[in-house]
file coords-v6.txt (compact mmCIF, C-alpha atoms and all ligand atoms)
# COMPACT_ATOMS: atom_id res chain seq x y z
CA MET A 25 10.82 3.51 -16.16
CA SER A 26 8.11 4.70 -13.76
CA ALA A 27 6.44 2.20 -11.44
CA LEU A 28 3.19 2.72 -13.33
CA GLU A 29 4.89 1.87 -16.62
CA ILE A 30 6.46 -1.24 -15.08
CA ALA A 31 3.03 -2.38 -13.90
CA ARG A 32 1.36 -1.65 -17.21
CA THR A 33 3.96 -3.20 -19.50
CA ALA A 34 4.66 -6.42 -17.57
CA ASN A 35 3.14 -9.50 -19.16
CA ALA A 36 2.54 -11.32 -15.90
CA PRO A 37 2.06 -10.40 -12.24
CA LEU A 38 5.30 -9.24 -10.59
CA ASN A 39 6.33 -9.83 -6.99
CA SER A 40 9.41 -7.63 -6.94
CA TRP A 41 7.63 -4.44 -5.87
CA THR A 42 9.32 -2.05 -3.48
CA LYS A 43 7.42 0.17 -1.07
CA GLU A 44 8.75 3.19 -2.98
CA GLN A 45 7.26 1.91 -6.23
CA ILE A 46 3.94 1.14 -4.59
CA LYS A 47 3.86 4.62 -3.05
CA GLU A 48 4.61 6.13 -6.46
CA ILE A 49 1.60 4.32 -7.92
CA TYR A 50 -0.65 5.06 -4.92
CA ASP A 51 0.25 8.78 -5.14
CA THR A 52 -0.59 9.04 -8.85
CA PRO A 53 -3.38 11.63 -9.34
CA LEU A 54 -6.59 9.69 -8.83
CA MET A 55 -8.03 10.36 -12.30
CA GLU A 56 -4.93 8.91 -13.95
CA LEU A 57 -4.62 6.10 -11.40
CA MET A 58 -8.19 4.96 -12.10
CA HIS A 59 -7.68 5.12 -15.84
CA GLN A 60 -4.52 2.99 -15.67
CA ALA A 61 -6.14 0.55 -13.25
CA GLN A 62 -9.06 0.15 -15.63
CA LEU A 63 -6.73 -0.57 -18.55
CA GLN A 64 -4.85 -3.09 -16.42
CA HIS A 65 -8.13 -4.68 -15.42
CA ARG A 66 -9.10 -5.16 -19.07
CA LYS A 67 -5.76 -6.79 -19.80
CA TYR A 68 -6.31 -9.58 -17.28
CA HIS A 69 -10.08 -9.80 -16.75
CA ASN A 70 -13.39 -9.38 -18.48
CA PRO A 71 -14.43 -5.95 -17.10
CA LEU A 72 -18.11 -6.88 -17.36
CA GLU A 73 -17.81 -9.87 -15.04
CA VAL A 74 -18.06 -9.68 -11.26
CA GLN A 75 -17.99 -12.74 -9.04
CA MET A 76 -20.91 -13.14 -6.65
CA CYS A 77 -20.06 -14.97 -3.43
CA SER A 78 -22.05 -15.64 -0.31
CA LEU A 79 -20.57 -15.97 3.14
CA LEU A 80 -22.15 -17.97 5.93
CA SER A 81 -21.09 -18.01 9.55
CA ILE A 82 -20.88 -21.71 10.43
CA LYS A 83 -19.66 -21.12 13.98
CA THR A 84 -20.54 -17.76 15.45
CA GLY A 85 -18.97 -15.90 18.38
CA GLY A 86 -16.95 -16.95 21.42
CA CYS A 87 -13.60 -16.48 19.65
CA ALA A 88 -10.49 -16.46 21.84
CA GLU A 89 -8.74 -13.79 19.75
CA ASP A 90 -8.80 -10.09 20.60
CA CYS A 91 -9.19 -8.43 17.19
CA LYS A 92 -10.25 -4.97 18.34
CA TYR A 93 -12.88 -4.55 15.63
CA CYS A 94 -14.66 -7.87 15.93
CA ALA A 95 -18.13 -8.57 17.30
CA GLN A 96 -17.25 -12.25 17.67
CA SER A 97 -14.36 -11.91 20.10
CA SER A 98 -15.16 -13.30 23.54
CA LYS A 99 -13.14 -10.43 25.04
CA TYR A 100 -15.78 -7.80 24.26
CA ASP A 101 -19.40 -7.40 25.18
CA THR A 102 -21.13 -6.81 21.88
CA GLY A 103 -24.33 -8.63 22.69
CA LEU A 104 -23.53 -11.46 20.27
CA LYS A 105 -24.43 -14.96 21.47
CA ALA A 106 -21.84 -17.69 20.89
CA GLU A 107 -23.12 -20.68 18.91
CA LYS A 108 -21.92 -24.18 18.06
CA LEU A 109 -20.72 -25.39 14.67
CA VAL A 110 -23.78 -25.77 12.44
CA GLN A 111 -24.88 -29.04 10.85
CA VAL A 112 -23.99 -30.01 7.28
CA ASP A 113 -27.60 -30.11 6.02
CA GLU A 114 -28.23 -26.57 7.21
CA VAL A 115 -25.17 -25.37 5.30
CA MET A 116 -26.23 -27.26 2.17
CA GLU A 117 -29.60 -25.55 2.26
CA LYS A 118 -27.97 -22.10 2.51
CA ALA A 119 -25.53 -22.94 -0.28
CA ARG A 120 -28.38 -24.12 -2.49
CA ILE A 121 -30.24 -20.84 -1.93
CA ALA A 122 -27.05 -18.91 -2.71
CA LYS A 123 -26.57 -20.84 -5.95
CA GLU A 124 -30.19 -20.35 -7.01
CA ASN A 125 -29.67 -16.63 -6.54
CA GLY A 126 -26.56 -16.52 -8.71
CA SER A 127 -23.68 -16.90 -6.25
CA THR A 128 -20.89 -19.07 -7.61
CA ARG A 129 -18.58 -19.14 -4.60
CA PHE A 130 -19.77 -20.23 -1.18
CA CYS A 131 -17.65 -19.12 1.77
CA MET A 132 -17.94 -20.38 5.32
CA GLY A 133 -16.46 -18.70 8.37
CA ALA A 134 -15.86 -20.06 11.87
CA ALA A 135 -14.87 -17.82 14.76
CA TRP A 136 -11.87 -19.85 15.86
CA ARG A 137 -8.27 -18.99 16.65
CA ASP A 138 -7.01 -22.13 14.90
CA MET A 139 -7.88 -25.72 14.05
CA LYS A 140 -5.77 -27.35 16.77
CA GLY A 141 -7.66 -30.25 18.38
CA ARG A 142 -10.74 -29.74 16.22
CA LYS A 143 -10.85 -33.17 14.61
CA SER A 144 -14.64 -33.56 14.60
CA GLY A 145 -15.07 -29.95 13.45
CA MET A 146 -12.66 -30.57 10.59
CA LYS A 147 -14.51 -33.74 9.60
CA ARG A 148 -17.81 -31.89 9.42
CA ILE A 149 -16.32 -28.98 7.50
CA THR A 150 -14.62 -31.23 4.93
CA GLU A 151 -17.99 -32.90 4.39
CA MET A 152 -19.57 -29.48 3.77
CA ILE A 153 -16.85 -28.62 1.25
CA SER A 154 -17.03 -31.87 -0.61
CA ARG A 155 -20.84 -31.88 -0.83
CA ILE A 156 -21.01 -28.26 -2.01
CA ASN A 157 -18.47 -29.10 -4.69
CA LYS A 158 -20.04 -32.30 -5.86
CA GLU A 159 -23.73 -31.52 -5.48
CA LEU A 160 -23.73 -27.84 -6.40
CA GLY A 161 -20.55 -27.30 -8.46
CA MET A 162 -19.74 -24.12 -6.55
CA GLU A 163 -16.31 -22.83 -5.57
CA THR A 164 -15.75 -23.10 -1.83
CA CYS A 165 -13.76 -20.97 0.58
CA VAL A 166 -13.40 -21.30 4.33
CA THR A 167 -11.96 -19.10 7.03
CA LEU A 168 -11.24 -21.06 10.20
CA GLY A 169 -8.32 -19.20 11.77
CA MET A 170 -4.77 -20.51 11.63
CA VAL A 171 -4.11 -23.84 9.90
CA ASP A 172 -0.95 -25.93 9.77
CA ALA A 173 0.40 -27.69 6.69
CA ASP A 174 -1.48 -30.96 7.32
CA GLN A 175 -4.79 -29.25 7.97
CA ALA A 176 -4.39 -27.24 4.76
CA LYS A 177 -3.74 -30.51 2.87
CA GLU A 178 -6.84 -32.08 4.41
CA LEU A 179 -8.96 -29.16 3.22
CA LYS A 180 -7.43 -29.37 -0.23
CA ALA A 181 -8.17 -33.09 -0.39
CA ALA A 182 -11.83 -32.33 0.39
CA GLY A 183 -11.94 -30.15 -2.73
CA LEU A 184 -11.62 -26.70 -1.16
CA THR A 185 -10.96 -23.92 -3.68
CA ALA A 186 -9.61 -21.15 -1.47
CA TYR A 187 -8.72 -20.42 2.14
CA ASN A 188 -9.32 -16.96 3.57
CA HIS A 189 -6.88 -15.51 6.05
CA ASN A 190 -6.66 -11.73 5.99
CA ILE A 191 -3.55 -9.88 7.06
CA ASP A 192 -5.97 -7.10 8.14
CA THR A 193 -3.52 -4.20 8.09
CA SER A 194 0.16 -3.32 7.87
CA ARG A 195 2.82 -5.08 9.92
CA GLU A 196 3.47 -1.72 11.63
CA HIS A 197 -0.15 -1.01 12.62
CA TYR A 198 -1.00 -4.65 13.39
CA PRO A 199 -0.07 -4.60 17.13
CA ASN A 200 -2.60 -1.76 17.61
CA VAL A 201 -5.33 -4.05 16.33
CA ILE A 202 -4.55 -7.61 17.48
CA THR A 203 -2.27 -8.90 20.22
CA THR A 204 -3.21 -12.57 20.53
CA ARG A 205 -1.47 -13.72 17.36
CA THR A 206 1.34 -12.19 15.39
CA PHE A 207 1.52 -10.85 11.86
CA ASP A 208 4.05 -13.58 11.06
CA GLU A 209 1.68 -16.28 12.27
CA ARG A 210 -0.80 -14.96 9.73
CA LEU A 211 1.79 -15.17 6.97
CA THR A 212 2.64 -18.74 7.99
CA THR A 213 -0.99 -19.80 7.56
CA ILE A 214 -1.08 -18.21 4.11
CA LYS A 215 2.12 -20.08 3.19
CA ASN A 216 0.65 -23.38 4.46
CA VAL A 217 -2.45 -22.82 2.39
CA GLN A 218 -0.53 -22.05 -0.78
CA ALA A 219 1.88 -24.95 -0.24
CA ALA A 220 -1.12 -27.30 -0.10
CA GLY A 221 -2.18 -26.05 -3.53
CA LEU A 222 -5.09 -24.00 -2.27
CA GLN A 223 -5.77 -20.48 -3.46
CA ALA A 224 -5.15 -17.87 -0.79
CA CYS A 225 -7.76 -15.20 -0.17
CA SER A 226 -6.09 -12.50 1.88
CA GLY A 227 -6.88 -8.87 2.29
CA ALA A 228 -7.28 -5.93 4.56
CA ILE A 229 -9.72 -3.96 6.62
CA LEU A 230 -9.67 -0.25 5.90
CA GLY A 231 -10.68 2.24 8.54
CA LEU A 232 -8.81 0.73 11.50
CA GLY A 233 -7.20 4.07 12.27
CA GLU A 234 -4.37 3.36 9.83
CA THR A 235 -2.48 5.86 7.67
CA THR A 236 -1.75 5.82 3.95
CA GLU A 237 1.73 4.42 4.80
CA ASP A 238 -0.07 1.43 6.27
CA HIS A 239 -1.97 0.97 3.00
CA ILE A 240 1.29 0.94 1.09
CA SER A 241 2.82 -1.44 3.60
CA PHE A 242 0.07 -4.09 3.49
CA LEU A 243 -0.07 -3.84 -0.31
CA HIS A 244 3.67 -4.46 -0.28
CA THR A 245 3.30 -7.54 1.94
CA LEU A 246 0.69 -9.10 -0.33
CA SER A 247 2.18 -8.14 -3.69
CA THR A 248 5.63 -9.49 -2.81
CA MET A 249 4.37 -12.93 -1.83
CA GLU A 250 5.83 -15.67 -3.98
CA ARG A 251 2.33 -16.18 -5.34
CA HIS A 252 -0.16 -13.31 -5.07
CA PRO A 253 -3.38 -14.10 -3.25
CA GLU A 254 -5.95 -15.25 -5.79
CA SER A 255 -8.37 -12.98 -4.01
CA PHE A 256 -7.79 -9.67 -2.24
CA PRO A 257 -10.77 -8.74 -0.04
CA VAL A 258 -11.15 -5.04 0.67
CA ASN A 259 -13.20 -4.48 3.79
CA ARG A 260 -14.34 -1.13 5.11
CA LEU A 261 -14.85 -1.21 8.85
CA ILE A 262 -18.30 -0.77 10.23
CA PRO A 263 -17.52 0.09 13.87
CA ILE A 264 -19.37 -2.26 16.20
CA PRO A 265 -20.52 -0.83 19.54
CA GLY A 266 -18.77 -2.63 22.39
CA THR A 267 -15.51 -3.18 20.50
CA PRO A 268 -12.41 -1.16 21.47
CA MET A 269 -11.94 -0.07 17.85
CA ALA A 270 -15.31 1.66 17.82
CA ASP A 271 -14.26 3.64 20.93
CA ASP A 272 -10.81 4.46 19.48
CA LEU A 273 -12.26 5.72 16.21
CA ALA A 274 -14.88 7.84 17.94
CA LYS A 275 -12.05 9.77 19.62
CA LEU A 276 -10.32 10.67 16.32
CA PRO A 277 -10.88 14.28 15.19
CA GLU A 278 -12.91 14.58 11.97
CA ASN A 279 -9.91 15.77 9.94
CA SER A 280 -7.52 13.11 11.25
CA PRO A 281 -5.42 11.41 8.54
CA ARG A 282 -6.26 8.18 10.37
CA LYS A 283 -9.92 8.52 9.39
CA LEU A 284 -10.64 6.64 6.20
CA GLN A 285 -11.89 8.74 3.30
CA PHE A 286 -13.42 7.11 0.23
CA ASP A 287 -10.70 8.35 -2.13
CA LYS A 288 -8.15 6.35 -0.08
CA MET A 289 -10.22 3.23 -0.47
CA LEU A 290 -10.27 3.80 -4.23
CA LYS A 291 -6.51 4.29 -4.23
CA VAL A 292 -6.05 0.96 -2.46
CA ILE A 293 -8.25 -0.80 -5.04
CA CYS A 294 -6.61 0.84 -8.07
CA THR A 295 -3.08 0.25 -6.74
CA ALA A 296 -3.90 -3.38 -5.97
CA ARG A 297 -5.26 -3.85 -9.48
CA LEU A 298 -2.05 -2.48 -10.96
CA ILE A 299 0.41 -4.47 -8.82
CA MET A 300 -1.60 -7.71 -8.40
CA PRO A 301 -3.30 -7.73 -11.79
CA GLY A 302 -4.35 -11.38 -11.84
CA SER A 303 -6.06 -11.35 -8.44
CA LYS A 304 -9.74 -10.85 -7.86
CA ILE A 305 -10.42 -7.73 -5.81
CA ARG A 306 -13.33 -8.49 -3.55
CA LEU A 307 -15.52 -5.71 -2.14
CA SER A 308 -16.30 -7.25 1.21
CA ALA A 309 -17.57 -6.09 4.59
CA GLY A 310 -18.67 -2.49 4.57
CA ARG A 311 -20.10 -2.56 1.03
CA TYR A 312 -23.43 -2.49 2.79
CA GLY A 313 -24.00 1.19 3.33
CA MET A 314 -21.85 2.26 0.37
CA LYS A 315 -23.69 4.38 -2.14
CA GLU A 316 -24.21 2.86 -5.59
CA HIS A 317 -21.96 5.39 -7.29
CA GLU A 318 -19.18 4.53 -4.81
CA GLN A 319 -19.49 0.86 -5.70
CA PHE A 320 -19.44 1.81 -9.38
CA LEU A 321 -16.14 3.64 -8.88
CA CYS A 322 -14.71 0.59 -7.07
CA PHE A 323 -15.62 -1.61 -10.06
CA MET A 324 -14.09 0.95 -12.42
CA GLY A 325 -10.92 0.83 -10.32
CA GLY A 326 -10.67 -2.93 -10.72
CA ALA A 327 -12.84 -4.59 -8.07
CA ASN A 328 -14.44 -7.69 -9.59
CA ALA A 329 -16.00 -9.69 -6.78
CA ILE A 330 -18.61 -9.03 -4.10
CA PHE A 331 -20.28 -10.73 -1.21
CA THR A 332 -24.01 -10.85 -1.66
CA GLY A 333 -26.91 -12.49 0.12
CA GLU A 334 -28.75 -12.52 3.39
CA LYS A 335 -25.84 -11.72 5.71
CA MET A 336 -22.08 -11.47 5.78
CA LEU A 337 -21.04 -13.44 8.84
CA THR A 338 -22.67 -11.34 11.56
CA THR A 339 -23.01 -8.10 9.59
CA MET A 340 -25.56 -6.83 7.09
CA CYS A 341 -25.04 -7.57 3.41
CA ASN A 342 -26.54 -6.19 0.22
CA GLY A 343 -29.12 -8.72 -0.93
CA TRP A 344 -29.15 -10.71 -4.20
CA ASP A 345 -32.11 -8.84 -5.69
CA GLU A 346 -30.53 -5.46 -5.04
CA ASP A 347 -27.21 -6.59 -6.53
CA LYS A 348 -28.77 -8.25 -9.54
CA ALA A 349 -30.70 -5.04 -10.28
CA MET A 350 -27.48 -3.02 -9.95
CA PHE A 351 -25.62 -5.41 -12.27
CA ALA A 352 -28.40 -5.32 -14.86
CA LYS A 353 -28.34 -1.52 -14.84
CA TRP A 354 -24.61 -1.45 -15.55
CA GLY A 355 -24.36 -4.43 -17.89
CA ILE A 356 -22.38 -6.54 -15.43
CA LYS A 357 -22.68 -10.33 -15.55
CA PRO A 358 -22.01 -12.69 -12.65
CA MET A 359 -18.74 -14.56 -13.16
CA ALA A 360 -19.06 -18.31 -13.72
CA SER A 361 -17.51 -20.72 -11.19
CA PHE A 362 -13.84 -21.65 -11.45
CA ARG A 363 -12.91 -18.75 -13.74
CA ARG A 364 -9.41 -17.35 -13.70
CA LEU A 365 -8.17 -19.10 -10.62
CA ASP A 366 -4.62 -19.05 -11.87
CA ASN A 367 -3.41 -15.64 -10.79
CA THR A 368 0.04 -16.27 -12.14
CA MET A 369 -1.26 -16.29 -15.70
CA LYS A 370 0.59 -14.46 -18.37
CA VAL A 371 -0.89 -12.10 -20.91
CA PRO A 372 0.18 -12.93 -24.47
CA SER A 373 2.81 -10.35 -25.42
CA SER A 374 0.82 -9.17 -28.45
CA GLU A 375 -1.98 -8.21 -26.09
CA ALA A 376 0.19 -6.76 -23.38
CA THR A 377 -0.10 -3.13 -24.28
CA LYS A 378 -3.38 -2.89 -26.10
CA PRO A 379 -6.58 -2.32 -24.16
CA VAL A 380 -9.17 -5.06 -24.41
CA TYR A 381 -12.70 -4.08 -25.29
CA VAL A 382 -15.32 -6.62 -24.44
CA SER A 383 -18.81 -6.55 -25.83
CA ALA A 384 -21.76 -6.84 -23.48
CA SER A 385 -22.76 -10.15 -25.10
CA SER A 386 -19.37 -11.87 -24.76
S1 LIG B 1 -10.04 -14.28 14.75
FE1 LIG B 1 -11.80 -13.73 13.50
S2 LIG B 1 -13.61 -14.24 14.73
FE2 LIG B 1 -11.85 -14.23 16.11
S3 LIG B 1 -11.84 -12.17 17.00
FE3 LIG B 1 -10.46 -12.12 15.21
S4 LIG B 1 -11.75 -11.50 13.47
FE4 LIG B 1 -13.13 -12.11 15.16
call {"tool": "encode", "arguments": {"input": "coords-v6.txt", "output": "C-alpha cells"}}
result
Amino acid sequence: MSALEIARTANAPLNSWTKEQIKEIYDTPLMELMHQAQLQHRKYHNPLEVQMCSLLSIKTGGCAEDCKYCAQSSKYDTGLKAEKLVQVDEVMEKARIAKENGSTRFCMGAAWRDMKGRKSGMKRITEMISRINKELGMETCVTLGMVDADQAKELKAAGLTAYNHNIDTSREHYPNVITTRTFDERLTTIKNVQAAGLQACSGAILGLGETTEDHISFLHTLSTMERHPESFPVNRLIPIPGTPMADDLAKLPENSPRKLQFDKMLKVICTARLIMPGSKIRLSAGRYGMKEHEQFLCFMGGANAIFTGEKMLTTMCNGWDEDKAMFAKWGIKPMASFRRLDNTMKVPSSEATKPVYVSASS
C-alpha cells in the first residue's frame, strides 16, 4: 500500500510514519497532494471552520536565547526594547477585545529561556489563564520557554488549554539556528506538557535556509510523537534586520534550494494534514504579507487556524476586520472554543473512506 493510501484509509491518526513514507507523500504531484489533503481534512474537520486566535506578547525582548531569527534575543541589536511582564488587567483588556472581535483562543508569549526561578511570574500568568477561562470562556495557550513537569502541572491546574513550544526546524538543521538549547530539550518540554494533560502546540518556521529534507525530518519528529501536537503552527520567516538569519538569507543565491518557495510551504501543510489529520494546522507568523490567494490555497491544503488581531508578538498581523471580510467572502466561519481538542479521535469506520460534504449553514 502506498503511504498516501495508508494515510487516507486509517481511521485514526498514526504515529508509525517513516521518513521514507513522509517523503513519498511530500513528493506526490502537488495537484494530487492537495486533493488528497482536502479529502483528509473533510474526514476529520469541518472544512468551513477556521479557528481565530490572538497572540499577545506579555513579556517582550531581553531573551537569553540565541535563536538566529528572533528580534527578541538579547544577543542581537534589532532596536527592540526589553519590557517587564505585563499586568493581569492589561492582558484581560486585550483578551476581551480579542473575544469581541471573534477570537476564541487567546495566546500569550513571554521571551524567556525557561520558567526556572520565576515564581512570581508564574503566579501572575496562572491568574491570567484562570481569569481568561472563567470570565471570557476562551481557550488559552502560553509560550514561556522550557517548562519542567511541575510547572506544566501548575499551568494545567490554572486551566490552561495548550502550551506552545515549537521545534522550529529539523534536528539536523537545528544547530544552524539555535545553540543555547538543544533539540532534545525542546522535546522534553513537549513531553512534560503532554504528561500534564495539556495540549501541545508545536510547529516549525519555514524559510530558515532549510532544505526539503529538513521539512520531511521535522514532520517526522512531530508525527511520530506518542500523541500528535493538537496544533501545528506553520510560520514563514519574515527576516528581521539585525538578526544573523536575515544576513545569512541575504547571501543565498536566488535559485538556492535553501530559499523557501510557496509550493514547498503548501507541501508542508498538505503533508501535515495527511499524516497528522486530527491536528489543527495554524497559519502563523508570516501570514501577514501573504497574498489572499496564497492563504486560500493553504486552507484548501488543510490549514484551519490563524492568528489575527493587532499584532503577533512583535510582528505585524492581519487584522480582525480584514480576516472577517476574507472569511465572509469564502464562506468560512470562525471555529467555536474548545472544538476538537482531542487529536487522537477516531473516524467511524463507515465514514473513513467517504468524503464529507458540509453545507455552509451547518
Ligand atoms: S526563545 Fe523565543 S524569545 Fe527567546 S530568542 Fe528564541 S524565539 Fe526569541
call {"tool": "residues_around", "arguments": {"input": "coords-v6.txt", "residues": "Leu284 (chain A)", "least_positions_apart": "4", "cutoff": "12 Å", "atoms": "all atoms listed in the file", "output": "list in words"}}
result
Ile229, Leu230, Gly231, Leu232, Gly233, Glu234, Thr235, Thr236, Asp238, His239, Asn259, Arg260, Leu261, Ile262, Leu273, Leu276, Pro277, Glu278, Asn279, Ser280, Lys288, Met289, Leu290, Lys291 and Val292 of chain A
call {"tool": "residues_around", "arguments": {"input": "coords-v6.txt", "residues": "region 194-205 of chain A", "least_positions_apart": "5", "cutoff": "12 Å", "atoms": "all atoms listed in the file", "output": "PyMOL selection string"}}
result
chain A and resi 87-94+97+99+137-138+169-170+210-213+227-246+267-270+272-273+282
call {"tool": "closest_residue", "arguments": {"input": "coords-v6.txt", "among": "A:Gly141, A:Met25, A:Ile264, A:Asp174", "to": "ligand LIG 1 (chain B)", "atoms": "all atoms listed in the file"}}
result
A:Ile264
call {"tool": "atom_distance", "arguments": {"input": "coords-v6.txt", "atom1": "CA of Asp113 (chain A)", "atom2": "CA of Gly145 (chain A)"}}
result
14.6 Å
call {"tool": "atom_distance", "arguments": {"input": "coords-v6.txt", "atom1": "CA of Met139 (chain A)", "atom2": "CA of Leu168 (chain A)"}}
result
6.9 Å
call {"tool": "axis_aligned_box", "arguments": {"input": "coords-v6.txt", "around": "ligand LIG 1 (chain B)", "padding_each_side": "4 Å", "output": "AutoDock Vina command-line options"}}
result
--center_x -11.8 --center_y -12.9 --center_z 15.2 --size_x 11.6 --size_y 10.8 --size_z 11.5
call {"tool": "closest_residue", "arguments": {"input": "coords-v6.txt", "among": "A:Gly355, A:Gly86, A:Gly266, A:Gly126", "to": "ligand LIG 1 (chain B)", "atoms": "only C-alpha atoms and all ligand atoms"}}
result
A:Gly86
call {"tool": "residues_around", "arguments": {"input": "coords-v6.txt", "residues": "Leu184 (chain A)", "least_positions_apart": "5", "cutoff": "10 Å", "atoms": "only C-alpha atoms", "output": "list in words"}}
result
Thr150, Met152, Ile153, Ser154, Ile156, Asn157, Glu163, Thr164, Cys165, Val166, Ala176, Lys177, Glu178, Leu179, Gly221, Leu222 and Gln223 of chain A
call {"tool": "closest_residue", "arguments": {"input": "coords-v6.txt", "among": "A:Asp101, A:Ala309, A:Asn125, A:Ile299", "to": "Gly343 (chain A)", "atoms": "all atoms listed in the file"}}
result
A:Asn125
call {"tool": "closest_residue", "arguments": {"input": "coords-v6.txt", "among": "A:Gly133, A:Pro37, A:Gly103, A:Gly325", "to": "ligand LIG 1 (chain B)", "atoms": "only C-alpha atoms and all ligand atoms"}}
result
A:Gly133
call {"tool": "closest_residue", "arguments": {"input": "coords-v6.txt", "among": "A:Ala327, A:Met162, A:Ile82, A:Ala134", "to": "ligand LIG 1 (chain B)", "atoms": "only C-alpha atoms and all ligand atoms"}}
result
A:Ala134
call {"tool": "atom_distance", "arguments": {"input": "coords-v6.txt", "atom1": "CA of Pro301 (chain A)", "atom2": "CA of Thr206 (chain A)"}}
result
27.9 Å
call {"tool": "closest_residue", "arguments": {"input": "coords-v6.txt", "among": "A:Arg297, A:Trp41, A:Met314, A:Arg306", "to": "Val74 (chain A)", "atoms": "only C-alpha atoms"}}
result
A:Arg306
call {"tool": "residues_around", "arguments": {"input": "coords-v6.txt", "residues": "Gln60 (chain A)", "least_positions_apart": "6", "cutoff": "9 Å", "atoms": "only C-alpha atoms", "output": "list in words"}}
result
Leu28, Arg32, Cys294, Leu298 and Gly325 of chain A
call {"tool": "residues_around", "arguments": {"input": "coords-v6.txt", "residues": "Ser26 (chain A)", "least_positions_apart": "5", "cutoff": "9 Å", "atoms": "all atoms listed in the file", "output": "list in words"}}
result
Ala31, Gln45, Glu48 and Ile49 of chain A
